[in-house]
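One structure is given below, encoded as structure tokens.
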Amino acid sequence: RWLATHEGRTDRAAEGGVLGGRTVVIQYAKTTRSKFRDVLGNYTPEIKTTGTGRAVVLRDGMAYETTWSRPSENAGTTFTTADGKRMPFAPGQVWVVLVNDGKPRIP
């Protein structure tokens with residue numbers, strides 16, 4: 001299981017259990033500034049999750065380079081290996097971490 005940490009400390013659920021998942025996907029996607037602002041007046045990010053891009057799947061103690069694909073907002077995301085096969089995930093929850101792919105794009 002891949003454990004979650006924040007600022008060097010293990011993240012815990014409200015009931016005290018350690019947070020983590022058997023499969024964690026690090027999905028790289030283009031990020032722009034949205035038209036919305038947070039309570040401090042800062043712009044919030046808008047992450048483009050349609051199209052294709054790079055991803056790393058963490059599973060069974062290994063890291064697998066994959067490609068993600070999502071043709072439209074109404075479709076699900078698929079992850080494929082370098083040979084074009086679907087990336088198998090471990091049974092159970094899948095955690096997806098969205099990461100900016102490159103420099104922020106500010107419209």
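To be explicit about the labels: the chains of the structure tokens are called A, B, and onward in the order shown, and within each one the residues are counted from 1, while ligands get numbers from 1 in the order they are shown.
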
* List the neighbours of range 89-104 of chain A out to 7 Å using only C-alpha atoms; skip same-chain residues closer than 2 positions along the sequence, and give me the result as a list in words. => Gly21, Arg22, Thr23, Val24, Val25, Ile26, Gln27, Tyr28, Ala29, Lys30, Thr31, Thr32, Arg59, Met87 and Ile106 of chain A

Those same residues, written as a PDB file, in the first residue's frame with C-alpha atoms?
ATOM      1  CA  GLY A  21      -4.105   3.122  -1.432  1.00  0.00           C
ATOM      2  CA  ARG A  22      -3.014  -0.047  -3.232  1.00  0.00           C
ATOM      3  CA  THR A  23      -2.995   1.781  -6.578  1.00  0.00           C
ATOM      4  CA  VAL A  24      -2.008   5.441  -6.922  1.00  0.00           C
ATOM      5  CA  VAL A  25      -2.088   7.187 -10.296  1.00  0.00           C
ATOM      6  CA  ILE A  26      -0.029  10.326 -10.853  1.00  0.00           C
ATOM      7  CA  GLN A  27      -1.720  11.967 -13.838  1.00  0.00           C
ATOM      8  CA  TYR A  28       0.045  14.884 -15.525  1.00  0.00           C
ATOM      9  CA  ALA A  29      -2.357  17.408 -17.089  1.00  0.00           C
ATOM     10  CA  LYS A  30      -2.254  20.975 -18.365  1.00  0.00           C
ATOM     11  CA  THR A  31      -3.306  23.531 -15.770  1.00  0.00           C
ATOM     12  CA  THR A  32      -4.634  27.027 -16.400  1.00  0.00           C
ATOM     13  CA  ARG A  59       1.194  -0.528  -7.750  1.00  0.00           C
ATOM     14  CA  MET A  87      -2.874  -0.926 -17.287  1.00  0.00           C
ATOM     15  CA  ILE A 106      -2.306  31.819 -17.473  1.00  0.00           C
TER      16      ILE A 106
END

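Every protein or nucleic acid residue with an atom no more than 10 Å from Thr52 in chain A, counting only C-alpha atoms and leaving out same-chain residues fewer than 3 positions away, appears here: Tyr28, Ala29, Lys48, Thr49, Ala55, Thr67, Trp68, Ser69, Arg70, Pro71, Thr77, Thr78 and Phe79 of chain A.
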
Selection export as a PDB file, in the first residue's frame, atoms kept: N, CA and C atoms:
ATOM      1  N   TYR A  28      -0.448  13.565 -15.141  1.00  0.00           N
ATOM      2  CA  TYR A  28       0.045  14.884 -15.525  1.00  0.00           C
ATOM      3  C   TYR A  28      -0.924  15.504 -16.525  1.00  0.00           C
ATOM      4  N   ALA A  29      -1.369  16.739 -16.241  1.00  0.00           N
ATOM      5  CA  ALA A  29      -2.357  17.408 -17.089  1.00  0.00           C
ATOM      6  C   ALA A  29      -2.065  18.904 -17.125  1.00  0.00           C
ATOM      7  N   LYS A  48      -7.060  20.465 -17.157  1.00  0.00           N
ATOM      8  CA  LYS A  48      -7.631  19.861 -18.371  1.00  0.00           C
ATOM      9  C   LYS A  48      -7.416  18.349 -18.325  1.00  0.00           C
ATOM     10  N   THR A  49      -8.499  17.621 -18.108  1.00  0.00           N
ATOM     11  CA  THR A  49      -8.413  16.166 -17.991  1.00  0.00           C
ATOM     12  C   THR A  49      -9.010  15.448 -19.192  1.00  0.00           C
ATOM     13  N   ALA A  55       1.245   9.502 -17.449  1.00  0.00           N
ATOM     14  CA  ALA A  55       0.856   9.134 -16.088  1.00  0.00           C
ATOM     15  C   ALA A  55       1.831   8.092 -15.563  1.00  0.00           C
ATOM     16  N   THR A  67       0.206   5.975 -20.351  1.00  0.00           N
ATOM     17  CA  THR A  67      -0.424   7.102 -21.040  1.00  0.00           C
ATOM     18  C   THR A  67      -1.891   7.122 -20.644  1.00  0.00           C
ATOM     19  N   TRP A  68      -2.410   8.306 -20.309  1.00  0.00           N
ATOM     20  CA  TRP A  68      -3.837   8.418 -20.014  1.00  0.00           C
ATOM     21  C   TRP A  68      -4.545   8.982 -21.239  1.00  0.00           C
ATOM     22  N   SER A  69      -5.809   8.625 -21.364  1.00  0.00           N
ATOM     23  CA  SER A  69      -6.618   9.098 -22.485  1.00  0.00           C
ATOM     24  C   SER A  69      -8.056   9.260 -22.019  1.00  0.00           C
ATOM     25  N   ARG A  70      -8.618  10.407 -22.352  1.00  0.00           N
ATOM     26  CA  ARG A  70     -10.028  10.688 -22.052  1.00  0.00           C
ATOM     27  C   ARG A  70     -10.560  11.531 -23.203  1.00  0.00           C
ATOM     28  N   PRO A  71     -11.322  10.923 -24.116  1.00  0.00           N
ATOM     29  CA  PRO A  71     -11.732  11.630 -25.328  1.00  0.00           C
ATOM     30  C   PRO A  71     -12.702  12.792 -25.118  1.00  0.00           C
ATOM     31  N   THR A  77     -11.561   7.825 -18.079  1.00  0.00           N
ATOM     32  CA  THR A  77     -10.142   7.872 -18.421  1.00  0.00           C
ATOM     33  C   THR A  77      -9.595   6.459 -18.470  1.00  0.00           C
ATOM     34  N   THR A  78      -8.813   6.172 -19.510  1.00  0.00           N
ATOM     35  CA  THR A  78      -8.132   4.879 -19.602  1.00  0.00           C
ATOM     36  C   THR A  78      -6.633   5.107 -19.485  1.00  0.00           C
ATOM     37  N   PHE A  79      -5.951   4.112 -18.955  1.00  0.00           N
ATOM     38  CA  PHE A  79      -4.501   4.159 -18.792  1.00  0.00           C
ATOM     39  C   PHE A  79      -3.910   2.967 -19.525  1.00  0.00           C
TER      40      PHE A  79
END

* Running DSSP on the backbone, which parts of chain A land in strand (DSSP E), as a PyMOL selection string? -> chain A and resi 2-3+5-6+9-10+20-21+23-29+31-37+43-47+51-59+62-70+78-80+94-100

* To do: Take CA of Arg33 in chain A and CA of Pro45 in chain A and report the distance between them in Å, one decimal.
  => 4.8 Å

* Asked: Any idea what's packed within 9 Å of Tyr43 in chain A, counting only C-alpha atoms, ignoring anything in its chain fewer than 5 positions away? Could you give it as a PyMOL selection string?
  -> chain A and resi 33-38

Can I get the selection written as an mmCIF file, in the first residue's frame, with all heavy atoms?
data_model
loop_
_atom_site.group_PDB
_atom_site.id
_atom_site.type_symbol
_atom_site.label_atom_id
_atom_site.label_comp_id
_atom_site.auth_asym_id
_atom_site.auth_seq_id
_atom_site.Cartn_x
_atom_site.Cartn_y
_atom_site.Cartn_z
ATOM 1 N N ARG A 33 -5.387 29.012 -15.270
ATOM 2 C CA ARG A 33 -6.091 29.755 -14.232
ATOM 3 C C ARG A 33 -7.569 29.797 -14.602
ATOM 4 O O ARG A 33 -7.925 30.153 -15.714
ATOM 5 C CB ARG A 33 -5.513 31.169 -14.175
ATOM 6 C CG ARG A 33 -6.114 32.020 -13.091
ATOM 7 C CD ARG A 33 -5.416 33.337 -12.997
ATOM 8 N NE ARG A 33 -5.734 34.175 -14.139
ATOM 9 C CZ ARG A 33 -5.191 35.358 -14.358
ATOM 10 N NH1 ARG A 33 -4.287 35.830 -13.536
ATOM 11 N NH2 ARG A 33 -5.537 36.056 -15.403
ATOM 12 N N SER A 34 -8.426 29.409 -13.669
ATOM 13 C CA SER A 34 -9.862 29.450 -13.944
ATOM 14 C C SER A 34 -10.384 30.871 -13.726
ATOM 15 O O SER A 34 -9.653 31.758 -13.276
ATOM 16 C CB SER A 34 -10.606 28.473 -13.028
ATOM 17 O OG SER A 34 -10.723 29.005 -11.727
ATOM 18 N N LYS A 35 -11.658 31.053 -13.996
ATOM 19 C CA LYS A 35 -12.284 32.362 -13.758
ATOM 20 C C LYS A 35 -12.720 32.519 -12.306
ATOM 21 O O LYS A 35 -13.185 33.570 -11.911
ATOM 22 C CB LYS A 35 -13.478 32.555 -14.695
ATOM 23 C CG LYS A 35 -14.599 31.555 -14.472
ATOM 24 C CD LYS A 35 -15.715 31.765 -15.465
ATOM 25 C CE LYS A 35 -16.811 30.739 -15.240
ATOM 26 N NZ LYS A 35 -17.910 30.894 -16.179
ATOM 27 N N PHE A 36 -12.562 31.469 -11.515
ATOM 28 C CA PHE A 36 -13.016 31.483 -10.128
ATOM 29 C C PHE A 36 -11.880 31.858 -9.177
ATOM 30 O O PHE A 36 -10.713 31.652 -9.470
ATOM 31 C CB PHE A 36 -13.579 30.107 -9.743
ATOM 32 C CG PHE A 36 -14.711 29.686 -10.628
ATOM 33 C CD1 PHE A 36 -14.507 28.732 -11.607
ATOM 34 C CD2 PHE A 36 -15.964 30.256 -10.508
ATOM 35 C CE1 PHE A 36 -15.538 28.345 -12.445
ATOM 36 C CE2 PHE A 36 -17.000 29.883 -11.342
ATOM 37 C CZ PHE A 36 -16.787 28.922 -12.321
ATOM 38 N N ARG A 37 -12.275 32.376 -8.022
ATOM 39 C CA ARG A 37 -11.309 32.765 -6.996
ATOM 40 C C ARG A 37 -11.653 32.096 -5.671
ATOM 41 O O ARG A 37 -12.805 31.790 -5.408
ATOM 42 C CB ARG A 37 -11.294 34.279 -6.814
ATOM 43 C CG ARG A 37 -10.808 35.019 -8.049
ATOM 44 C CD ARG A 37 -10.890 36.524 -7.816
ATOM 45 N NE ARG A 37 -10.525 37.268 -8.989
ATOM 46 C CZ ARG A 37 -9.364 37.895 -9.133
ATOM 47 N NH1 ARG A 37 -8.475 37.872 -8.174
ATOM 48 N NH2 ARG A 37 -9.108 38.554 -10.233
ATOM 49 N N ASP A 38 -10.628 31.894 -4.841
ATOM 50 C CA ASP A 38 -10.867 31.320 -3.521
ATOM 51 C C ASP A 38 -11.233 32.431 -2.536
ATOM 52 O O ASP A 38 -11.360 33.596 -2.926
ATOM 53 C CB ASP A 38 -9.673 30.491 -3.051
ATOM 54 C CG ASP A 38 -8.407 31.313 -2.855
ATOM 55 O OD1 ASP A 38 -8.483 32.571 -2.730
ATOM 56 O OD2 ASP A 38 -7.324 30.712 -2.791
#
